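Q: For reference, the file target.txt (compact mmCIF, N, CA and C atoms) is included below:
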# COMPACT_ATOMS: atom_id res chain seq x y z
N MET P 12 5.91 -32.43 0.45
CA MET P 12 5.16 -31.18 0.41
C MET P 12 5.86 -30.23 -0.57
N THR P 13 5.10 -29.62 -1.44
CA THR P 13 5.62 -28.61 -2.36
C THR P 13 5.24 -27.25 -1.80
N ARG P 14 6.25 -26.52 -1.35
CA ARG P 14 5.98 -25.23 -0.73
C ARG P 14 6.40 -24.10 -1.66
N ALA P 15 5.67 -22.99 -1.55
CA ALA P 15 5.98 -21.81 -2.35
C ALA P 15 5.90 -20.58 -1.46
N ILE P 16 6.57 -19.53 -1.91
CA ILE P 16 6.56 -18.24 -1.22
C ILE P 16 5.80 -17.27 -2.11
N ILE P 17 4.80 -16.62 -1.54
CA ILE P 17 4.02 -15.62 -2.26
C ILE P 17 4.25 -14.28 -1.57
N THR P 18 4.61 -13.26 -2.35
CA THR P 18 4.78 -11.92 -1.80
C THR P 18 3.85 -10.96 -2.52
N VAL P 19 3.32 -10.02 -1.75
CA VAL P 19 2.44 -8.99 -2.29
C VAL P 19 2.93 -7.65 -1.77
N VAL P 20 3.18 -6.71 -2.69
CA VAL P 20 3.69 -5.39 -2.32
C VAL P 20 2.99 -4.32 -3.15
N GLY P 21 2.60 -3.23 -2.50
CA GLY P 21 2.02 -2.11 -3.23
C GLY P 21 1.20 -1.23 -2.31
N LYS P 22 0.53 -0.26 -2.92
CA LYS P 22 -0.34 0.63 -2.14
C LYS P 22 -1.52 -0.17 -1.60
N ASP P 23 -1.85 0.09 -0.35
CA ASP P 23 -2.94 -0.63 0.30
C ASP P 23 -4.28 -0.29 -0.35
N THR P 24 -5.09 -1.31 -0.49
CA THR P 24 -6.45 -1.15 -1.01
C THR P 24 -7.33 -2.23 -0.40
N VAL P 25 -8.61 -2.02 -0.42
CA VAL P 25 -9.55 -2.98 0.15
C VAL P 25 -9.55 -4.28 -0.66
N GLY P 26 -9.47 -5.41 0.04
CA GLY P 26 -9.66 -6.70 -0.60
C GLY P 26 -8.43 -7.44 -1.07
N ILE P 27 -7.24 -6.92 -0.81
CA ILE P 27 -6.03 -7.60 -1.29
C ILE P 27 -5.95 -9.02 -0.72
N ILE P 28 -6.01 -9.13 0.60
CA ILE P 28 -5.90 -10.44 1.24
C ILE P 28 -7.05 -11.34 0.80
N ALA P 29 -8.25 -10.81 0.74
CA ALA P 29 -9.42 -11.60 0.35
C ALA P 29 -9.27 -12.18 -1.05
N LYS P 30 -8.84 -11.37 -1.99
CA LYS P 30 -8.72 -11.85 -3.38
C LYS P 30 -7.64 -12.91 -3.52
N VAL P 31 -6.49 -12.69 -2.89
CA VAL P 31 -5.40 -13.67 -2.98
C VAL P 31 -5.81 -14.97 -2.29
N CYS P 32 -6.37 -14.87 -1.09
CA CYS P 32 -6.75 -16.07 -0.35
C CYS P 32 -7.90 -16.83 -1.01
N THR P 33 -8.84 -16.13 -1.60
CA THR P 33 -9.93 -16.79 -2.32
C THR P 33 -9.38 -17.59 -3.49
N TYR P 34 -8.46 -17.00 -4.24
CA TYR P 34 -7.84 -17.71 -5.37
C TYR P 34 -7.13 -18.96 -4.86
N LEU P 35 -6.33 -18.83 -3.80
CA LEU P 35 -5.60 -19.98 -3.27
C LEU P 35 -6.55 -21.09 -2.84
N SER P 36 -7.63 -20.73 -2.20
CA SER P 36 -8.62 -21.71 -1.77
C SER P 36 -9.23 -22.45 -2.95
N GLU P 37 -9.56 -21.72 -4.00
CA GLU P 37 -10.14 -22.34 -5.19
C GLU P 37 -9.19 -23.33 -5.85
N LYS P 38 -7.89 -23.13 -5.69
CA LYS P 38 -6.88 -24.00 -6.30
C LYS P 38 -6.37 -25.07 -5.33
N GLN P 39 -7.00 -25.18 -4.16
CA GLN P 39 -6.63 -26.17 -3.14
C GLN P 39 -5.21 -25.97 -2.62
N ILE P 40 -4.83 -24.70 -2.48
CA ILE P 40 -3.51 -24.34 -1.96
C ILE P 40 -3.69 -23.91 -0.50
N ASN P 41 -2.97 -24.58 0.40
CA ASN P 41 -3.11 -24.33 1.82
C ASN P 41 -2.09 -23.29 2.30
N ILE P 42 -2.55 -22.32 3.06
CA ILE P 42 -1.66 -21.31 3.64
C ILE P 42 -1.07 -21.87 4.92
N LEU P 43 0.26 -21.97 4.97
CA LEU P 43 0.95 -22.49 6.14
C LEU P 43 1.35 -21.39 7.10
N ASP P 44 1.72 -20.24 6.55
CA ASP P 44 2.15 -19.11 7.36
C ASP P 44 1.88 -17.83 6.59
N ILE P 45 1.52 -16.78 7.30
CA ILE P 45 1.22 -15.51 6.63
C ILE P 45 1.63 -14.36 7.55
N SER P 46 2.21 -13.34 6.93
CA SER P 46 2.59 -12.14 7.66
C SER P 46 2.25 -10.96 6.76
N GLN P 47 1.62 -9.95 7.34
CA GLN P 47 1.31 -8.77 6.55
C GLN P 47 1.48 -7.53 7.41
N THR P 48 1.97 -6.48 6.78
CA THR P 48 2.14 -5.21 7.45
C THR P 48 1.68 -4.09 6.52
N ILE P 49 1.30 -3.01 7.13
CA ILE P 49 0.98 -1.79 6.38
C ILE P 49 1.80 -0.68 7.01
N VAL P 50 2.64 -0.06 6.20
CA VAL P 50 3.44 1.07 6.65
C VAL P 50 2.94 2.29 5.88
N GLN P 51 2.32 3.21 6.63
CA GLN P 51 1.59 4.32 6.05
C GLN P 51 0.60 3.74 5.05
N GLU P 52 0.69 4.04 3.77
CA GLU P 52 -0.29 3.51 2.83
C GLU P 52 0.24 2.33 2.01
N TYR P 53 1.39 1.77 2.42
CA TYR P 53 1.99 0.68 1.65
C TYR P 53 1.77 -0.67 2.32
N PHE P 54 1.30 -1.61 1.53
CA PHE P 54 0.94 -2.95 1.98
C PHE P 54 2.05 -3.93 1.61
N ASN P 55 2.39 -4.83 2.54
CA ASN P 55 3.39 -5.86 2.28
C ASN P 55 2.90 -7.16 2.92
N MET P 56 2.87 -8.24 2.15
CA MET P 56 2.44 -9.53 2.69
C MET P 56 3.37 -10.62 2.16
N MET P 57 3.67 -11.56 3.03
CA MET P 57 4.45 -12.73 2.64
C MET P 57 3.72 -13.96 3.15
N MET P 58 3.58 -14.95 2.28
CA MET P 58 2.89 -16.19 2.64
C MET P 58 3.77 -17.37 2.28
N ILE P 59 3.72 -18.40 3.10
CA ILE P 59 4.29 -19.70 2.76
C ILE P 59 3.10 -20.62 2.57
N VAL P 60 3.04 -21.26 1.41
CA VAL P 60 1.88 -22.09 1.08
C VAL P 60 2.32 -23.50 0.69
N ASP P 61 1.39 -24.44 0.89
CA ASP P 61 1.59 -25.83 0.49
C ASP P 61 0.80 -26.07 -0.80
N MET P 62 1.52 -26.40 -1.86
CA MET P 62 0.89 -26.59 -3.16
C MET P 62 0.73 -28.07 -3.53
N SER P 63 0.96 -28.97 -2.58
CA SER P 63 0.95 -30.40 -2.89
C SER P 63 -0.42 -30.90 -3.36
N LYS P 64 -1.50 -30.24 -3.00
CA LYS P 64 -2.84 -30.65 -3.45
C LYS P 64 -3.42 -29.71 -4.50
N CYS P 65 -2.58 -28.83 -5.02
CA CYS P 65 -3.02 -27.83 -6.00
C CYS P 65 -3.58 -28.52 -7.24
N ASN P 66 -4.68 -27.98 -7.76
CA ASN P 66 -5.36 -28.59 -8.91
C ASN P 66 -4.97 -27.95 -10.25
N THR P 67 -3.84 -27.25 -10.27
CA THR P 67 -3.33 -26.67 -11.52
C THR P 67 -1.80 -26.59 -11.42
N THR P 68 -1.16 -26.15 -12.48
CA THR P 68 0.31 -26.09 -12.49
C THR P 68 0.82 -24.87 -11.72
N PHE P 69 2.07 -24.98 -11.26
CA PHE P 69 2.70 -23.86 -10.57
C PHE P 69 2.77 -22.64 -11.48
N ASP P 70 3.16 -22.83 -12.73
CA ASP P 70 3.28 -21.70 -13.67
C ASP P 70 1.95 -20.97 -13.84
N LYS P 71 0.85 -21.71 -13.89
CA LYS P 71 -0.48 -21.10 -14.03
C LYS P 71 -0.82 -20.30 -12.77
N VAL P 72 -0.52 -20.86 -11.61
CA VAL P 72 -0.77 -20.16 -10.35
C VAL P 72 0.01 -18.86 -10.31
N ALA P 73 1.30 -18.92 -10.64
CA ALA P 73 2.15 -17.72 -10.61
C ALA P 73 1.61 -16.66 -11.57
N ALA P 74 1.21 -17.07 -12.77
CA ALA P 74 0.68 -16.12 -13.76
C ALA P 74 -0.65 -15.53 -13.30
N ASP P 75 -1.52 -16.38 -12.77
CA ASP P 75 -2.83 -15.90 -12.29
C ASP P 75 -2.67 -14.91 -11.14
N LEU P 76 -1.79 -15.22 -10.19
CA LEU P 76 -1.59 -14.31 -9.06
C LEU P 76 -1.02 -12.98 -9.53
N SER P 77 -0.12 -13.02 -10.49
CA SER P 77 0.44 -11.79 -11.04
C SER P 77 -0.67 -10.94 -11.67
N LYS P 78 -1.55 -11.59 -12.40
CA LYS P 78 -2.67 -10.89 -13.04
C LYS P 78 -3.64 -10.32 -12.01
N ILE P 79 -3.91 -11.08 -10.95
CA ILE P 79 -4.78 -10.60 -9.87
C ILE P 79 -4.17 -9.34 -9.26
N GLY P 80 -2.86 -9.38 -9.03
CA GLY P 80 -2.17 -8.22 -8.47
C GLY P 80 -2.27 -7.00 -9.37
N GLU P 81 -2.06 -7.21 -10.66
CA GLU P 81 -2.16 -6.10 -11.62
C GLU P 81 -3.53 -5.43 -11.53
N GLY P 82 -4.56 -6.25 -11.38
CA GLY P 82 -5.92 -5.73 -11.30
C GLY P 82 -6.17 -4.88 -10.06
N MET P 83 -5.35 -5.09 -9.03
CA MET P 83 -5.49 -4.33 -7.78
C MET P 83 -4.42 -3.25 -7.63
N GLY P 84 -3.50 -3.18 -8.60
CA GLY P 84 -2.44 -2.19 -8.52
C GLY P 84 -1.32 -2.56 -7.57
N VAL P 85 -1.15 -3.87 -7.30
CA VAL P 85 -0.05 -4.34 -6.46
C VAL P 85 0.75 -5.38 -7.23
N GLN P 86 1.92 -5.70 -6.73
CA GLN P 86 2.76 -6.71 -7.37
C GLN P 86 2.67 -8.00 -6.55
N VAL P 87 2.28 -9.09 -7.21
CA VAL P 87 2.21 -10.40 -6.55
C VAL P 87 3.20 -11.33 -7.24
N LYS P 88 4.11 -11.89 -6.45
CA LYS P 88 5.09 -12.84 -6.98
C LYS P 88 4.95 -14.17 -6.26
N CYS P 89 5.14 -15.24 -7.00
CA CYS P 89 5.06 -16.58 -6.45
C CYS P 89 6.30 -17.35 -6.91
N GLN P 90 7.04 -17.89 -5.94
CA GLN P 90 8.25 -18.65 -6.25
C GLN P 90 8.24 -19.94 -5.43
N LEU P 91 8.74 -21.02 -6.04
CA LEU P 91 8.92 -22.24 -5.27
C LEU P 91 9.92 -21.99 -4.16
N GLU P 92 9.72 -22.62 -3.02
CA GLU P 92 10.55 -22.36 -1.85
C GLU P 92 12.03 -22.63 -2.11
N ASP P 93 12.36 -23.70 -2.79
CA ASP P 93 13.78 -24.00 -3.00
C ASP P 93 14.46 -22.95 -3.89
N ILE P 94 13.75 -22.42 -4.87
CA ILE P 94 14.29 -21.35 -5.72
C ILE P 94 14.46 -20.08 -4.88
N PHE P 95 13.45 -19.76 -4.08
CA PHE P 95 13.50 -18.58 -3.21
C PHE P 95 14.70 -18.67 -2.28
N ASP P 96 14.90 -19.83 -1.67
CA ASP P 96 16.02 -20.03 -0.74
C ASP P 96 17.36 -19.83 -1.45
N LYS P 97 17.50 -20.38 -2.65
CA LYS P 97 18.76 -20.25 -3.38
C LYS P 97 19.03 -18.80 -3.78
N MET P 98 17.98 -18.07 -4.12
CA MET P 98 18.15 -16.67 -4.53
C MET P 98 18.53 -15.77 -3.35
N HIS P 99 18.12 -16.15 -2.13
CA HIS P 99 18.32 -15.29 -0.97
C HIS P 99 19.39 -15.82 -0.02
N ARG P 100 20.16 -16.79 -0.48
CA ARG P 100 21.24 -17.33 0.35
C ARG P 100 22.42 -16.37 0.28
N ILE P 101 23.03 -16.13 1.42
CA ILE P 101 24.18 -15.22 1.48
C ILE P 101 25.46 -16.03 1.50
Please, can you express the file's structure as structure tokens?

A:
Amino acid sequence: MTRAIITVVGKDTVGIIAKVCTYLSEKQINILDISQTIVQEYFNMMMIVDMSKCNTTFDKVAADLSKIGEGMGVQVKCQLEDIFDKMHRI
């Protein structure tokens, strides 16, 4: 299984979850776990996804998600799980 971590941070607006999840569905990316919170007007979401059946490259997915985020005024980052783990190891 190829897993990735997707994070979304920014001011809350209508459709953030819908747009990200629709894109993932179109690329055959399965959501394994999702957590989202809104603190006052700020939105934060973290997803763990399975990219093993993805119909495009990881780099394309990361770039597309970043562009989707820009269009909504939020920051969307996508990292492979092993890279994420190494970056956040204490």

Q: Work out how far apart atom C of Asp75 (chain P) and CA of Met58 (chain P) are and give it in Å to one decimal.

A: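 Atom-to-atom, atom C of Asp75 (chain P) and CA of Met58 (chain P) are spaced 14.9 Å apart.
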
Q: Skipping near chain neighbours, those fewer than 5 positions away, what residues fall within 8 Å of Gln90 (chain P) using only C-alpha atoms, listed as a list in words?

A: Ala15, Ile16, Ile17, Ala73 and Phe95 of chain P

Q: Restricting the calculation to only N, CA and C atoms, which member of P:Leu91, P:Met12, P:Ile59, P:Met83 is positioned closest to Ile27 (chain P)?

A: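 Nearest to Ile27 (chain P): P:Met83.
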
Q: My list of candidates is P:Asn66, P:Thr24, P:Asn55, P:Gln86. Which is closest to Ile40 (chain P) when distances are computed with only N, CA and C atoms?

A: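 Looking only at the distances to Ile40 (chain P), the closest residue turns out to be P:Asn66.
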
Q: Run DSSP on the backbone and grab whatever in region 13-84 of chain P lands in helix (DSSP H, G or I); send it over as a list in words.

A: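 Selecting the helix (DSSP H, G or I) positions of region 13-84 of chain P gives Ile27, Ile28, Ala29, Lys30, Val31, Cys32, Thr33, Tyr34, Leu35, Ser36, Glu37, Phe69, Asp70, Lys71, Val72, Ala73, Ala74, Asp75, Leu76, Ser77, Lys78, Ile79, Gly80, Glu81, Gly82 and Met83 of chain P.
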